[in-house]
Amino acid sequence: MDDLFVWGEIQELRKSINKHNELYYQKAQPVISDFEYDKLLKRLIELEEKFPQYKTDDSPTKDVGSDLLPQSKIISHKMRMYSLDNAYSFEEIQPFLAKLFKNTEIDIVAEQKIDGFSINLYYENGELLHATTRGDGYEGEIVTENILTIKSIPRKISIKEPIEIRGEVYLPKIEFDRLNKERETDGKKLFANPRNAAAGSIKLKDAEVVAARNLQAIFYSIGFSERKFTSENELLDFFEKQRFPTFKDYLHSKADSISEFMLDFSGYANNLENQKNELDYEIDGIVLKANNVIFQQEIGFTSKSPKWAIAYKFKAEEVETILLDVDFQVGRTGAITPVARLKPIHISGSMVSNATLHNEEQIERLDLRIGDTVKIIKSGEIIPKILAVNLAKREDSFPKVIFPKTCPICETALIKEEPGVITYCENLNCLAQIQRRIEHFCSREAVDIEGLGEALVKQLIEKKLVSKIEDIYHLDYAQIELFEKQGKKSVENLKNAIEISKKQKFHKILFGLGIRFVGAKIAKILASYFTSIEMMQKATLEELIEIEEIGEKIAQSVVNFFQEERNINTIKKLQEAGVNLVSEKNEIVNLFNGKKFLITGTLINYKRNEIKEKIESLGGKIISSVSKNLNYLLVGENPGSKVAKAKKIETIKIISESDFEELTNR
């Protein structure tokens, strides 16, 4: 296999996995199943093992996904939190058992795998001092106040020595249904599933809102502890005695052979899979652990998972239903997304009536007809998708699904970007686009205007009070008081939220502008590199491409955005309204004063993201390749070809990790 091709595939896999980690852990909005994610990860592991010269410390194969958000209050775990390796069939479990037990007796505990949000509780002198999310495994976000709203979690325990108690926060199914009904009534976006709802809830700023959601928790492991446990059985008994909610219906199997254990386990697994929809909470599999804790400690961990445990994941459920219609929705960028409307059917514990179709190519590949019997799949954490059509049930009279040639809202002719498969409406004044752009700008991830959601934005557009994002800062509040469900207090709160949004951080406002391909992470990178909107407007394609993680597609999109008269006018109006379009000065210390750095090789004292953050905090910039614009090449162990290239350019200073520390400590 060609080295260039391998490196290209590795880079694409890392980029894709990091993006899916962000969607799952930080945004609680996964778009692929665990199975699809694990396929990507396994392929990356395979390539890194086969081509070790391409291994790096910042590879997603080294660390668990992180739920840490910018500006969150974090604290280090006393002991690292890991993730689990997954198996998707009984056959995949057997090699794990063979490697684990070899010729010894098999001693395994199997527990339900709750589809929730990992949590770590730290007790000292018998009192709960703090609760944190898993974060990046090494440190987590402090969420103590929200955790204290869960009544089943003990505030005090009888043991005095320090201990970390670990488990899962989840939203019961009945509460999930109630919450979504309330959100539908209020015109808010519905949660996709209980796991996403729990993840979003535990990080809310208002503990009263969290309390009203009736979260629950279950506990199954410990981190740091001076108290020694000999077995998983003993640990589960300990949880029960200390009044922690824990598993009662678990399997403890001792067997002389793998085949004997698998007979025991398959009965437990099949029974649980058949009954999982009757449980009050979502489960997506079973966790198998070596029962002997001393044995666990001897075996240890890989870079991200315990060697003594594995998760057996249930197969995604497949059912058949009728395709009633296909709607074509218009997004904020003008992208046309087809959505299948289905005859409601029960799948994976919930009723579904919609499925994603992605694009025109998928409709053509499936050769969809209205009235078709379609097979759909739903893996707990994602919305259903159509797998296939049952042609045996198709009738000649069923009309073919035709992708529109014009926008379903404004009737502008649609265009398709080549070589992509996304179809766009290019009319910037399309009402659907206007609504989605304004909703995006007001969202929590952007300027965070509480109270300005989908329902109110739609009313403002219909009443012709807004047509552009800058109109938000010139609202007629007297008119809004006359709207249904709006009163003096609500409008006053809205006015205050809009005023506060003017002082939002530059990178969040930049994200809110809706530049194509510029997500929250890329917006933050751009805002650290260009510290004002004026600097960004003047940036050339070449300057943008030099920035690490900014590819040509993103760079061209940024350049195009700042060349459009409409966008230039929007920026001018936002500035006139007093909206912050400059990075905070106290975030930038100009020791490096814009000097450009590139890192190659493995560092000893820093993780890759830590060194990048330090350089940027001191006014330095990170770029992605060796060029005459590079000032410093920071070289770690086992560097690549970048060193030889840098030596050919006299102006580049090649420095070691100790050289860097000397630079920053002087």
# chains A, B, ... in the order shown; residues from 1 in each chain; ligands from 1
$ residues_around --residues "Ile202 (chain A)" --least-positions-apart "5" --cutoff "7 Å" --atoms "only C-alpha atoms" --output "MDAnalysis selection string"
chainID A and resid 143 146 210
$ closest_residue --among "A:Arg80, A:Arg195, A:Arg332, A:Arg243" --to "Lys156 (chain A)" --atoms "only C-alpha atoms"
A:Arg243
$ select_by_dssp --residues "region 48-262 of chain A" --states "strand (DSSP E)" --output "ChimeraX atom specification"
/A:74-76,86-87,106-114,117-124,127-133,139-141,163-170,216-225,251-255
$ residues_around --residues "Glu161 (chain A)" --least-positions-apart "5" --cutoff "12 Å" --atoms "only C-alpha atoms" --output "CSV table (one decimal) with C-alpha atoms, in the first residue's frame"
chain,number,residue,atom,x,y,z
A,122,TYR,CA,-15.8,11.8,45.2
A,123,TYR,CA,-16.4,11.2,49.0
A,124,GLU,CA,-14.1,12.2,51.8
A,125,ASN,CA,-14.8,11.8,55.5
A,126,GLY,CA,-18.1,10.3,54.5
A,127,GLU,CA,-19.4,13.4,52.6
A,128,LEU,CA,-19.8,14.0,48.9
A,224,PHE,CA,-9.5,5.7,43.7
A,225,SER,CA,-10.0,3.9,47.0
A,226,GLU,CA,-8.0,3.1,50.1
A,227,ARG,CA,-10.5,0.3,50.8
A,228,LYS,CA,-9.6,-3.0,49.1
$ select_by_dssp --residues "region 313-386 of chain A" --states "helix (DSSP H, G or I)" --output "list in words"
Glu360, Glu361, Gln362, Ile363, Glu364, Arg365 and Leu366 of chain A
$ residues_around --residues "Leu97 (chain A)" --least-positions-apart "6" --cutoff "12 Å" --atoms "only C-alpha atoms" --output "ChimeraX atom specification"
/A:87,90-91,103-108,255-262,288-290,307-310
$ residues_around --residues "region 452-459 of chain A" --least-positions-apart "5" --cutoff "10 Å" --atoms "only C-alpha atoms" --output "VMD selection string"
chain A and resid 186 to 189 431 to 432 434 to 436 438 to 440 442 to 443 464 to 467 472 480 483 to 486 494 497 to 498
$ closest_residue --among "A:Thr132, A:Ser152, A:Gln433, A:Asn233" --to "Ile409 (chain A)" --atoms "only C-alpha atoms"
A:Gln433
$ closest_residue --among "A:Glu9, A:Pro245, A:Ser89, A:Val401" --to "Asn270 (chain A)" --atoms "only C-alpha atoms"
A:Ser89
$ atom_distance --atom1 "CA of Asn560 (chain A)" --atom2 "CA of Thr540 (chain A)"
10.5 Å
$ residues_around --residues "Thr664 (chain A)" --least-positions-apart "5" --cutoff "10 Å" --atoms "only C-alpha atoms" --output "PyMOL selection string"
chain A and resi 591-592+614-615+618+658-659
$ write_last_selection --atoms "C-alpha atoms" --output "PDB file, in the first residue's frame"
ATOM      1  CA  LEU A 591       5.330  36.440  24.341  1.00  0.00           C
ATOM      2  CA  PHE A 592       5.380  34.864  20.870  1.00  0.00           C
ATOM      3  CA  LYS A 614       0.109  26.857  25.726  1.00  0.00           C
ATOM      4  CA  ILE A 615       1.570  28.213  22.476  1.00  0.00           C
ATOM      5  CA  LEU A 618       1.247  33.036  24.642  1.00  0.00           C
ATOM      6  CA  SER A 658      13.563  21.726  26.803  1.00  0.00           C
ATOM      7  CA  ASP A 659      14.323  24.639  24.451  1.00  0.00           C
TER       8      ASP A 659
END
$ residues_around --residues "Lys50 (chain A)" --least-positions-apart "2" --cutoff "12 Å" --atoms "only C-alpha atoms" --output "list in words"
Met1, Asp3, Val6, Trp7, Ile10, Arg43, Leu44, Ile45, Glu46, Leu47, Glu48, Pro52, Gln53, Tyr54 and Lys55 of chain A
$ write_last_selection --atoms "C-alpha atoms" --output "PDB file, in the first residue's frame"
ATOM      1  CA  MET A   1       0.000   0.000   0.000  1.00  0.00           C
ATOM      2  CA  ASP A   3       2.621   5.387   2.104  1.00  0.00           C
ATOM      3  CA  VAL A   6      -2.020   5.233   4.020  1.00  0.00           C
ATOM      4  CA  TRP A   7      -1.213   8.563   5.662  1.00  0.00           C
ATOM      5  CA  ILE A  10      -5.200   7.747   8.652  1.00  0.00           C
ATOM      6  CA  ARG A  43      -9.705   0.439  10.919  1.00  0.00           C
ATOM      7  CA  LEU A  44      -7.533   3.199  12.410  1.00  0.00           C
ATOM      8  CA  ILE A  45      -6.073   0.791  15.008  1.00  0.00           C
ATOM      9  CA  GLU A  46      -5.316  -1.699  12.217  1.00  0.00           C
ATOM     10  CA  LEU A  47      -3.465   0.939  10.145  1.00  0.00           C
ATOM     11  CA  GLU A  48      -1.517   2.311  13.127  1.00  0.00           C
ATOM     12  CA  PRO A  52       3.767   2.369  13.444  1.00  0.00           C
ATOM     13  CA  GLN A  53       5.671   5.312  11.952  1.00  0.00           C
ATOM     14  CA  TYR A  54       2.324   7.112  11.746  1.00  0.00           C
ATOM     15  CA  LYS A  55       1.387   6.645  15.413  1.00  0.00           C
TER      16      LYS A  55
END
$ atom_distance --atom1 "CA of Gly594 (chain A)" --atom2 "CA of Gly551 (chain A)"
20.2 Å
